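Working notes, structure below.
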Amino acid sequence: MAGGLADVGDLLLRGGAAIAALTAAGGGGVLVLRRLVDAIDAAPPAVLLAAVGAASVLVLVADLGARSGAGRVWPILARVGMVAAAVALAVPPAPTFASWAAAGIALLATAGLLARQPRAVASPPAPARDRRPRSSAPTVATPPVRGVRRRRIRRLPGSLRQRLARYELPDGVDCVRGRLTVSVPAAAKAAAGHLGFCPAFAETPEVEVTTEYDGVEVTVTAAEVLPWGVRVECRLAEPAEEPLEIPVDIVARAALVR
């Protein structure tokens with residue numbers, strides 16, 4: 001219900017933006033033509049300020065519609081009409097102080113609205129579904145370094161193949177946590193991947209491998225464990241119907257030697 005009301009409100013704002021822009025442009029054009037054929041004279045200060053105020057309201061309505069997705073043509077058209085109306089009504093036939101003051105205020109207000117362009121509010125993209133689980137590794141906050149500007153890390157194209165984090169646990173254990181992506185070709189029932197430890201552990205570590213991949217039935221094992229790396233095997237219950245990317249979480253632990 002709330003979403004329907006929001007859609008109706010956006011539709012009304014877009015329609016109001018079009019009406020406001022066309023009204024401002026049409027009114028400004030008519031005033032300019034009548035001034036060119038000497039059908040009207042310069043407006044009195046009160047009338048001039050009232051006309052600029054009305055045109056400002058039309059411009060603001062067009063801006064609100066642009067923020068709702070009506071397009072930027074309506075705010076521009078409304079501003080063109082406001083400029084035309086201000087010029088047609090503000091140029092005084094005789095240099096009086098009141099007429100010049102009113103003309104200056106009108107032109108300043110017009111210039112301010114011309115410089116203020118609305119920005120359309122983009123809807124946030126819908127989150128893409130990903131069958132691969134998020135990494136269970138803890139997030140480590142990087143402390144800011146004084147005097148050094150932090151650079152934004154660019155996301156590289158392609159898929160993640162492996163990621164590692166190494167910890168020294170409080171009980172004196174050297175620990176590596178990471179994720180390895182094992183590629184299984186189509187029609188294959190098994191595949192393997194390798195993860196290296198650098199520097200190598202002081203002794204052969206204890207390794208645990210798990211996966212939360214639920215696309216197919218798969219069993220992951222640490223087929224070969226060495227101080228400098230581990231071989232991870234993925235075995236499927238049935239041959240793969242298409243190429244698969246299976247993320248495997250790995251935890252390796254060994255005593256820390258100082």
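By convention here, the chains of the structure tokens are called A, B, ... in the order presented, each chain's residues are numbered starting at 1, and ligands are numbered starting at 1 in the order presented.
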| Any idea what's packed within 12 Å of Thr204 (chain A), counting only C-alpha atoms, ignoring anything in its chain fewer than 5 positions away? Could you give it as an MDAnalysis selection string? | chainID A and resid 174 197 224:230 252:256
Output the selection as an mmCIF file, in the first residue's frame - C-alpha atoms for each residue.
data_model
loop_
_atom_site.group_PDB
_atom_site.id
_atom_site.type_symbol
_atom_site.label_atom_id
_atom_site.label_comp_id
_atom_site.auth_asym_id
_atom_site.auth_seq_id
_atom_site.Cartn_x
_atom_site.Cartn_y
_atom_site.Cartn_z
ATOM 1 C CA ASP A 174 50.160 -19.831 14.140
ATOM 2 C CA PHE A 197 51.575 -21.046 3.022
ATOM 3 C CA GLU A 224 47.634 -33.602 1.151
ATOM 4 C CA VAL A 225 48.931 -31.358 3.922
ATOM 5 C CA LEU A 226 52.492 -30.051 4.026
ATOM 6 C CA PRO A 227 54.127 -27.248 6.032
ATOM 7 C CA TRP A 228 54.191 -25.072 2.906
ATOM 8 C CA GLY A 229 50.772 -25.839 1.443
ATOM 9 C CA VAL A 230 47.650 -27.964 1.206
ATOM 10 C CA ALA A 252 45.328 -24.302 9.239
ATOM 11 C CA ARG A 253 46.908 -24.301 12.712
ATOM 12 C CA ALA A 254 50.351 -25.166 14.047
ATOM 13 C CA ALA A 255 52.452 -24.301 17.061
ATOM 14 C CA LEU A 256 54.320 -21.039 16.718
#
| query | Within 12 Å of Ala78 (chain A), counting only C-alpha atoms, which residues qualify if same-chain residues fewer than 3 places away don't, as a VMD selection string? | reply | chain A and resid 16 to 29 52 54 to 63 65 to 66 72 to 75 81 to 85 110 113 to 114 117
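Distances here use only C-alpha atoms; by that measure, the residue among A:Glu233, A:Glu206, A:Asp171, A:Glu217 closest to Val248 (chain A) is A:Glu233.
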